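Raw contents of final.cif, mmCIF, C-alpha atoms:
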data_protein
loop_
_atom_site.label_atom_id
_atom_site.label_comp_id
_atom_site.auth_asym_id
_atom_site.auth_seq_id
_atom_site.Cartn_x
_atom_site.Cartn_y
_atom_site.Cartn_z
CA MET C 1 -37.63 3.54 20.90
CA ILE C 2 -35.91 6.13 18.72
CA SER C 3 -33.38 4.57 16.37
CA ARG C 4 -29.70 5.51 16.24
CA ALA C 5 -30.18 6.95 12.74
CA ALA C 6 -33.05 9.14 13.94
CA ILE C 7 -31.02 10.43 16.89
CA ILE C 8 -28.10 11.26 14.59
CA ALA C 9 -30.46 13.00 12.17
CA ILE C 10 -31.99 15.15 14.92
CA THR C 11 -28.54 16.01 16.27
CA LEU C 12 -27.16 16.84 12.84
CA LEU C 13 -30.00 19.13 11.89
CA GLY C 14 -29.60 21.13 15.12
CA LEU C 15 -25.82 21.55 15.09
CA PRO C 16 -24.27 25.04 15.22
CA LEU C 17 -21.65 23.58 12.87
CA ILE C 18 -24.15 23.74 10.06
CA THR C 19 -25.30 27.03 8.60
CA ALA C 20 -28.07 25.48 6.53
CA ARG C 21 -28.90 27.39 3.38
CA ALA C 22 -32.40 25.97 3.17
CA SER C 23 -35.07 25.56 5.77
CA ALA C 24 -35.40 21.85 4.87
CA GLY C 25 -31.92 21.16 6.25
CA PRO C 26 -28.27 21.27 5.27
CA THR C 27 -27.14 20.64 1.72
CA MET C 28 -24.37 18.17 0.92
CA ALA C 29 -22.81 18.35 -2.53
CA PHE C 30 -20.73 15.47 -3.90
CA GLY C 31 -17.91 15.94 -6.37
CA TYR C 32 -16.01 13.25 -8.23
CA LEU C 33 -13.80 10.57 -6.72
CA VAL C 34 -10.72 10.68 -8.94
CA ASN C 35 -9.37 7.41 -10.30
CA GLU C 36 -5.73 7.27 -9.12
CA SER C 37 -5.19 3.72 -10.39
CA ARG C 38 -4.58 4.73 -14.02
CA ASP C 39 -6.83 1.89 -15.10
CA VAL C 40 -9.48 3.21 -17.49
CA ASN C 41 -11.69 0.21 -16.69
CA HIS C 42 -12.43 1.84 -13.33
CA GLU C 43 -13.26 5.32 -14.64
CA TYR C 44 -16.98 4.68 -14.15
CA LEU C 45 -16.43 4.56 -10.37
CA GLU C 46 -15.55 8.27 -10.36
CA THR C 47 -19.29 8.95 -10.57
CA ILE C 48 -20.70 5.71 -9.12
CA PHE C 49 -19.00 6.23 -5.74
CA PRO C 50 -20.20 9.81 -5.06
CA ASN C 51 -23.71 8.95 -6.25
CA SER C 52 -23.74 5.94 -3.91
CA PHE C 53 -22.50 8.00 -0.94
CA ALA C 54 -25.14 10.66 -1.65
CA SER C 55 -27.94 8.10 -1.81
CA SER C 56 -26.73 6.33 1.33
CA ILE C 57 -26.64 9.54 3.39
CA LYS C 58 -30.02 10.71 2.08
CA ASN C 59 -31.56 7.37 3.06
CA ILE C 60 -30.37 7.76 6.66
CA PHE C 61 -31.56 11.26 7.49
CA GLN C 62 -33.20 14.32 6.00
CA VAL C 63 -30.59 16.33 4.12
CA ASN C 64 -30.48 17.81 0.66
CA VAL C 65 -27.94 16.04 -1.54
CA VAL C 66 -26.51 17.31 -4.81
CA LYS C 67 -24.81 14.77 -7.05
CA PRO C 68 -21.97 15.45 -9.54
CA GLY C 69 -24.30 15.61 -12.56
CA GLN C 70 -26.48 18.21 -10.84
CA ILE C 71 -23.43 20.30 -9.89
CA GLU C 72 -22.25 20.17 -13.50
CA ARG C 73 -25.55 21.65 -14.68
CA LEU C 74 -25.47 24.35 -11.98
CA LEU C 75 -21.95 25.41 -12.88
CA GLU C 76 -22.57 25.30 -16.63
CA LYS C 77 -25.07 28.13 -16.18
CA GLN C 78 -22.22 30.16 -14.66
CA GLY C 79 -19.80 29.34 -17.47
CA ARG C 80 -17.86 26.91 -15.27
CA ARG C 81 -17.42 23.19 -14.84
CA LEU C 82 -17.07 20.73 -12.00
CA GLU C 83 -13.38 19.90 -11.70
CA LYS C 84 -12.07 16.51 -10.62
CA ARG C 85 -9.52 18.09 -8.29
CA TYR C 86 -9.76 21.16 -6.10
CA ARG C 87 -7.32 23.01 -3.91
CA PRO C 88 -8.70 23.53 -0.42
CA CYS C 89 -8.53 27.29 -0.86
CA ASP C 90 -10.96 27.04 -3.82
CA LEU C 91 -13.73 25.31 -1.86
CA MET C 92 -15.23 28.41 -0.25
CA ASP C 93 -15.96 29.92 -3.66
CA LEU C 94 -17.25 26.61 -5.04
CA THR C 95 -19.69 26.01 -2.20
CA ASP C 96 -20.88 29.62 -2.51
CA ARG C 97 -21.60 29.06 -6.20
CA ILE C 98 -23.52 25.81 -5.68
CA ARG C 99 -25.06 27.00 -2.38
CA SER C 100 -23.96 23.97 -0.41
CA ASP C 101 -23.11 23.61 3.29
CA TYR C 102 -20.77 20.71 2.59
CA PHE C 103 -18.72 19.50 -0.34
CA ILE C 104 -17.47 15.90 -0.41
CA TYR C 105 -14.82 14.81 -2.90
CA GLY C 106 -11.78 12.55 -3.03
CA SER C 107 -9.99 9.77 -4.88
CA PHE C 108 -9.64 6.02 -5.05
CA LEU C 109 -6.84 3.60 -5.82
CA THR C 110 -7.27 -0.06 -6.72
CA LEU C 111 -5.00 -2.43 -4.79
CA PRO C 112 -3.93 -6.08 -5.18
CA ASN C 113 -6.30 -8.88 -4.11
CA ASN C 114 -9.38 -7.04 -5.34
CA ARG C 115 -9.15 -4.27 -2.74
CA ILE C 116 -9.70 -0.55 -3.11
CA LYS C 117 -8.41 2.42 -1.13
CA ILE C 118 -10.70 5.44 -0.88
CA ARG C 119 -9.67 8.86 0.40
CA LEU C 120 -12.55 11.18 1.14
CA ASN C 121 -12.50 14.90 1.97
CA LEU C 122 -15.45 16.52 3.71
CA TYR C 123 -15.40 20.32 3.55
CA SER C 124 -17.62 22.42 5.85
CA HIS C 125 -18.46 25.80 4.35
CA GLY C 126 -19.62 27.33 7.63
CA MET C 127 -16.49 26.32 9.55
CA ASN C 128 -14.02 26.48 6.63
CA ARG C 129 -12.56 23.13 7.78
CA ILE C 130 -11.70 19.89 5.97
CA PHE C 131 -11.96 16.44 7.49
CA SER C 132 -10.07 13.84 5.42
CA PHE C 133 -9.89 10.11 5.99
CA THR C 134 -8.82 6.93 4.20
CA ASN C 135 -10.55 3.56 4.15
CA ILE C 136 -9.71 0.26 2.46
CA GLY C 137 -12.28 -2.33 1.42
CA ARG C 138 -13.04 -5.00 -1.13
CA MET C 139 -14.56 -4.59 -4.59
CA GLU C 140 -17.41 -6.42 -6.34
CA LYS C 141 -20.08 -7.85 -4.00
CA GLU C 142 -18.77 -6.01 -0.96
CA ILE C 143 -18.63 -2.60 -2.61
CA PHE C 144 -21.88 -1.47 -0.99
CA LYS C 145 -20.62 -2.61 2.41
CA LEU C 146 -17.69 -0.27 1.81
CA VAL C 147 -20.07 2.55 0.87
CA ASP C 148 -22.09 2.01 4.06
CA ARG C 149 -18.95 1.89 6.21
CA ILE C 150 -17.61 5.15 4.78
CA THR C 151 -21.03 6.76 5.12
CA ASN C 152 -21.06 5.78 8.82
CA ILE C 153 -17.64 7.39 9.29
CA MET C 154 -18.99 10.63 7.83
CA ILE C 155 -22.08 10.45 10.04
CA ASP C 156 -19.95 9.90 13.18
CA PHE C 157 -17.86 12.95 12.32
CA LEU C 158 -20.90 15.10 11.58
CA GLY C 159 -22.41 14.26 14.96
CA ASN C 160 -22.10 16.61 17.92
CA ASN C 161 -18.78 15.08 19.02
CA ASN C 162 -16.89 15.15 15.69
CA PHE C 163 -15.92 11.54 16.38
CA PHE C 164 -13.43 9.62 14.24
CA MET C 165 -11.30 6.62 15.15
CA SER C 166 -9.30 4.41 12.81
CA ARG C 167 -7.90 2.08 15.48
CA ILE C 168 -7.66 1.68 19.23
CA VAL C 169 -4.68 2.31 21.52
CA PRO C 170 -4.17 -0.99 23.40
CA ARG C 171 -3.44 -0.99 27.12
CA GLY C 172 0.26 -1.31 27.87
CA LYS C 173 1.28 1.22 25.21
CA LYS C 174 3.46 4.15 26.20
CA ILE C 175 1.75 7.45 25.51
CA GLY C 176 2.85 11.06 25.69
CA ILE C 177 0.16 13.42 26.94
CA LEU C 178 -0.16 17.12 26.13
CA THR C 179 -2.84 18.96 28.08
CA ASN C 180 -3.65 22.33 29.59
CA LEU C 181 -4.15 20.87 33.10
CA GLU C 182 -1.60 21.62 35.79
CA GLY C 183 -0.67 20.76 39.36
CA GLY C 184 -3.04 18.43 41.18
CA ASP C 185 -5.39 18.20 38.18
CA LEU C 186 -2.53 17.03 35.98
CA ASN C 187 -1.49 14.46 38.58
CA SER C 188 -5.04 13.08 38.75
CA LEU C 189 -5.06 12.71 34.97
CA TYR C 190 -1.74 10.83 35.03
CA CYS C 191 -3.01 8.55 37.80
CA ALA C 192 -6.13 7.68 35.81
CA PHE C 193 -4.08 6.57 32.80
CA LEU C 194 -1.56 4.65 34.90
CA LYS C 195 -4.40 2.82 36.65
CA GLY C 196 -5.94 2.21 33.23
CA GLY C 197 -2.90 0.19 32.19
CA TYR C 198 -0.93 2.71 30.12
CA ARG C 199 2.65 3.83 30.53
CA ILE C 200 3.12 7.60 30.60
CA ALA C 201 6.05 9.60 29.25
CA SER C 202 6.95 12.67 31.32
CA MET C 203 6.51 15.14 28.47
CA GLN C 204 5.03 17.79 30.79
CA GLY C 205 6.11 16.41 34.16
CA ASN C 206 3.75 17.48 36.95
CA SER C 207 4.39 21.21 36.84
CA LEU C 208 2.51 23.46 39.23
CA TYR C 209 2.15 25.98 36.41
CA ASN C 210 1.52 24.78 32.89
CA THR C 211 2.75 27.05 30.09
CA LEU C 212 0.39 25.25 27.68
CA SER C 213 -2.69 27.40 28.27
CA ARG C 214 -6.23 26.75 27.09
CA GLU C 215 -5.67 29.19 24.22
CA LEU C 216 -2.38 27.62 23.15
CA ILE C 217 -3.61 24.04 23.25
CA GLY C 218 -6.44 25.06 20.91
CA ASN C 219 -3.81 25.19 18.15
CA PHE C 220 -3.46 21.41 18.43
CA LYS C 221 -7.06 20.79 17.37
CA TYR C 222 -6.10 20.86 13.72
CA ILE C 223 -3.80 18.15 12.42
CA SER C 224 -2.64 17.47 8.86
CA ALA C 225 -1.43 13.94 8.19
CA PRO C 226 -0.88 11.53 5.27
CA GLU C 227 -4.11 9.55 5.71
CA ASN C 228 -6.46 11.21 8.21
CA SER C 229 -6.60 14.96 8.86
CA TYR C 230 -8.70 17.72 10.33
CA GLN C 231 -7.48 21.12 9.25
CA ILE C 232 -8.28 24.77 8.73
CA VAL C 233 -8.36 25.82 5.10
CA SER C 234 -5.76 28.49 4.46
CA ASP C 235 -5.31 30.51 1.28
CA PRO C 236 -1.77 31.50 0.21
CA ARG C 237 -3.28 34.31 -1.85
CA ALA C 238 -4.59 35.94 1.34
CA VAL C 239 -1.04 36.66 2.47
CA ARG C 240 -0.19 39.99 0.86
CA VAL C 241 3.00 41.87 1.57
CA LEU C 242 3.13 45.38 0.10
CA HIS C 243 6.41 46.80 -1.14
CA SER C 244 7.58 49.56 -3.45
CA THR C 245 10.47 51.96 -4.04
CA TRP C 246 9.90 53.44 -0.59
CA THR C 247 10.77 50.19 1.18
CA GLY C 248 14.29 49.74 2.46
CA ARG C 249 16.53 46.79 3.28
CA GLY C 250 15.08 46.29 6.75
CA TYR C 251 11.55 46.09 5.37
CA TYR C 252 12.55 43.49 2.76
CA GLU C 253 14.23 41.41 5.46
CA GLU C 254 10.98 41.51 7.43
CA ILE C 255 9.01 40.47 4.32
CA ASN C 256 11.32 37.50 3.68
CA TYR C 257 11.13 36.48 7.33
CA ARG C 258 7.33 36.44 7.28
CA ARG C 259 7.23 34.53 3.99
CA GLU C 260 9.62 31.93 5.39
CA ILE C 261 7.52 31.51 8.54
CA TYR C 262 4.42 30.98 6.38
CA ARG C 263 6.27 28.50 4.13
CA ILE C 264 7.59 26.43 7.05
CA PHE C 265 4.57 26.35 9.32
CA ASP C 266 1.71 26.40 6.81
CA GLN C 267 2.74 25.19 3.37
CA ASN C 268 5.23 22.64 4.76
CA TYR C 269 3.36 21.93 7.98
CA MET C 270 3.31 18.15 7.51
CA ASN C 271 7.11 18.02 7.17
CA GLU C 272 7.57 20.08 10.34
CA LYS C 273 5.05 17.95 12.23
CA SER C 274 6.83 14.77 11.12
CA ARG C 275 10.18 16.06 12.37
CA ALA C 276 8.64 17.12 15.69
CA LEU C 277 7.10 13.67 16.20
CA GLU C 278 10.41 12.00 15.41
CA LYS C 279 12.09 14.13 18.10
CA LEU C 280 9.39 13.18 20.60
CA ALA C 281 9.76 9.50 19.77
CA GLY C 282 13.54 9.71 20.14
CA ARG C 283 13.43 11.46 23.52
CA HIS C 284 10.52 9.63 25.14
CA ASN C 285 10.23 6.29 23.27
CA ILE C 286 6.45 6.64 22.96
CA ASP C 287 3.88 4.95 20.74
CA THR C 288 1.29 7.72 20.53
CA VAL C 289 0.77 11.37 21.44
CA LEU C 290 -2.54 12.08 23.17
CA ILE C 291 -3.65 15.73 23.20
CA ILE C 292 -6.42 16.59 25.67
CA GLY C 293 -7.80 20.13 25.83
CA PHE C 294 -10.12 21.14 28.69
CA ASN C 295 -12.41 24.16 28.80
CA ALA C 296 -11.91 26.78 31.53
CA PRO C 297 -14.27 25.27 34.16
CA LYS C 298 -12.91 21.77 33.37
CA THR C 299 -16.33 20.38 32.57
CA LYS C 300 -15.64 19.41 28.96
CA ALA C 301 -12.69 18.26 26.84
CA TRP C 302 -11.62 17.40 23.31
CA VAL C 303 -9.06 14.80 22.21
CA ARG C 304 -6.63 14.26 19.35
CA CYS C 305 -4.44 11.15 19.14
CA VAL C 306 -1.49 10.82 16.75
CA ASP C 307 0.37 7.59 16.02
CA ILE C 308 4.14 8.07 16.17
CA ASP C 309 5.10 5.44 13.57
CA SER C 310 2.62 6.44 10.86
CA LYS C 311 2.55 10.15 11.91
CA ASP C 312 -1.19 9.88 11.36
CA LEU C 313 -4.29 11.09 13.19
CA ILE C 314 -5.95 7.93 14.53
CA TRP C 315 -8.59 9.42 16.83
CA MET C 316 -10.40 12.70 17.30
CA GLU C 317 -13.40 13.61 19.43
CA SER C 318 -14.98 16.76 20.84
CA ASN C 319 -17.44 17.63 23.60
CA ILE C 320 -16.44 14.90 26.05
CA ARG C 321 -18.46 16.08 29.05
CA GLY C 322 -17.87 15.67 32.77
CA GLY C 323 -15.28 16.52 35.41
CA ILE C 324 -11.66 15.49 35.03
CA THR C 325 -12.27 12.02 36.50
CA ASP C 326 -15.32 11.40 34.28
CA VAL C 327 -13.55 12.68 31.16
CA CYS C 328 -10.52 10.46 31.84
CA GLY C 329 -12.81 7.46 32.30
CA LYS C 330 -14.56 8.10 28.99
CA ILE C 331 -11.25 8.57 27.18
CA LEU C 332 -9.85 5.34 28.62
CA ASP C 333 -12.98 3.42 27.62
CA ARG C 334 -12.81 4.80 24.10
CA MET C 335 -9.09 4.11 23.68
CA SER C 336 -9.47 0.39 24.33
CA MET C 337 -12.94 -0.32 22.94
CA GLU C 338 -13.35 -2.46 19.86
CA ILE C 339 -14.18 -0.56 16.67
CA ILE C 340 -17.05 -2.18 14.83
CA ARG C 341 -17.38 -1.34 11.14
CA LYS C 342 -19.86 -3.56 9.31
#
This entry written out as C-alpha cells:
Amino acid sequence: MISRAAIIAITLLGLPLITARASAGPTMAFGYLVNESRDVNHEYLETIFPNSFASSIKNIFQVNVVKPGQIERLLEKQGRRLEKRYRPCDLMDLTDRIRSDYFIYGSFLTLPNNRIKIRLNLYSHGMNRIFSFTNIGRMEKEIFKLVDRITNIMIDFLGNNNFFMSRIVPRGKKIGILTNLEGGDLNSLYCAFLKGGYRIASMQGNSLYNTLSRELIGNFKYISAPENSYQIVSDPRAVRVLHSTWTGRGYYEEINYRREIYRIFDQNYMNEKSRALEKLAGRHNIDTVLIIGFNAPKTKAWVRCVDIDSKDLIWMESNIRGGITDVCGKILDRMSMEIIRK
C-alpha cells in the first residue's frame, strides 16, 4: 500500500501551483525565524528552527531544500545578505535571486510555562501568494514534535486542496454563509446545513438572482488576518500616478481619490475587514462566516471560514469535488471532524 507521505509527494511534484526550477523537483528555501522574545538565550533558535523544518520536509518527500547558511553564501556572491525580515513585496526578487520556488520564513515568541509561539510564512514564487499561520507548542523535549506538527501543516497546504484548519466549527453554532449559488441551489445548501445541526443567518436570503457572481466571490479567496492568512502579494511601488505642470485640479482630485482607495482597501485591509466583520456580527449575531465559491458547472467548490470573535481565518480548502449535495456533505464532515496534530 502506498503511504500517505508518498501520495503527498507524488501530488506535490505534479501540482500546477509549482513552477519547478529544476527537473529534480521544486526548491524550498528557508530564511530565519526571528526571535521576538528579546531573550538572547534563544537566538540560536533563529537558525535551528528553519534547519529543522528543512530537514523534516526533505525527509518526507523529494524536494530540494536550501537552508539559511546556503542562502547567505548565494547572496554574498551577489553583494547581498539574507535579511531576518522581509516585506512581502521583496520576496519575488529574493526568490528570483536564489532560484527558489518557495521561501519560508517567520518568527517565534517564547511564552510562559515553557511554551513557544511560531508564526510561519510560506511564499509561492509561481503564484505570488503568501500563506501564513501560527502554532503554539512546548519547548525542550517536545520541540521536535512541534517541528513535525508545523511541517505537517505546510504539507497539507501544499497538497492539491490547499487545506488548512486551526479548529473545528461545532454543530449548533450560528454561521453566516456567502456563496455564489442562487434560487433552488441556494435553498438546497441552506437545507443541508440546517439538517447538519447548524443555525443559519439570512445574510443572502434565498434570492432567485444572486448579485454575488462567480467572479466576485473569487475576491474572497484571499484573507489577511492577525494569525492565519492567505493573501496576494501587492507592491505599493507598482502604483504609479503621473503628474506634472499640465495636470489640473480635477486630475489631482482623481489622483488623491485613487491613493485613498488603495490605502483603505490594500494597505489598511485588515482594519476594514475587522470593521466589516463587526457589522456582520452586530446585525446577524453569528459565530463564523463561511464563504463557499462554486465553479460554473457546480462540480467543484472552495471554502474559507473566518471566526467572528478573533477575526481570524480558521479554515481554508480548495478543490472540493462533487455536486452541490456532495460538496455540502464534505464541508459538513470537515467542519465537525476532530483535528489530530501529533
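In this comparison, which uses only C-alpha atoms, the residue of C:Lys221, C:Phe103, C:Tyr86, C:Phe193 approaching C:Lys330 most closely is C:Phe193.
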| query | How would you write as a PyMOL selection string the residues that get within 10 Å of (-19.1, 15.5, 22.2) in the file's frame, counting all atoms listed in the file? | reply | chain C and resi 159-163+300-302+317-321
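Take the candidates C:Ile168, C:Ala29, C:Leu82, C:Leu332 and check each one against C:Asp101 using only C-alpha atoms; the shortest distance goes to C:Ala29.
Reported to one decimal place, the separation of atom CA of C:Leu189 from atom CA of C:Val327 is 9.3 Å.
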| said: One decimal, in Å: what's the spacing between atom CA of C:Val289 and atom CA of C:Gly176? | reply: 4.7 Å
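Among the candidates C:Gly137, C:Gly31, C:Gly323, C:Gly218, the residue lying nearest to C:Ile291 is C:Gly218 (atoms considered: all atoms listed in the file).
Separating atom CA of C:Ala201 from atom CA of C:Phe131 is a distance of 29.1 Å.
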| message | Give me, as a list in words, all polymer residues having an atom no more than 8 Å from C:Phe108, counting all atoms listed in the file and skipping those fewer than 6 positions away in the same chain. | response | Leu33, Val34, Asn35, Glu36, Ser37, Ile116, Lys117, Ile118 and Arg119 of chain C
| Applied to the shown file, which residues does the PyMOL selection byres ((chain C and resi 64-72) around 7) return, written as a ChimeraX atom specification? | /C:25-32,51,54,58,62-63,73-76,81-82,98
| task | Give the answer as one residue: which of C:Tyr190, C:Phe133, C:Tyr222, C:Phe157 has the shortest atom-to-atom distance to C:Thr325, using all atoms listed in the file? | result |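 Smallest separation from C:Thr325 among the options: C:Tyr190.
Remark: for C:Arg129, the closest of the candidate residues C:Gln204, C:Leu94, C:Tyr230, C:Tyr198 is C:Tyr230 (distances computed over only C-alpha atoms).
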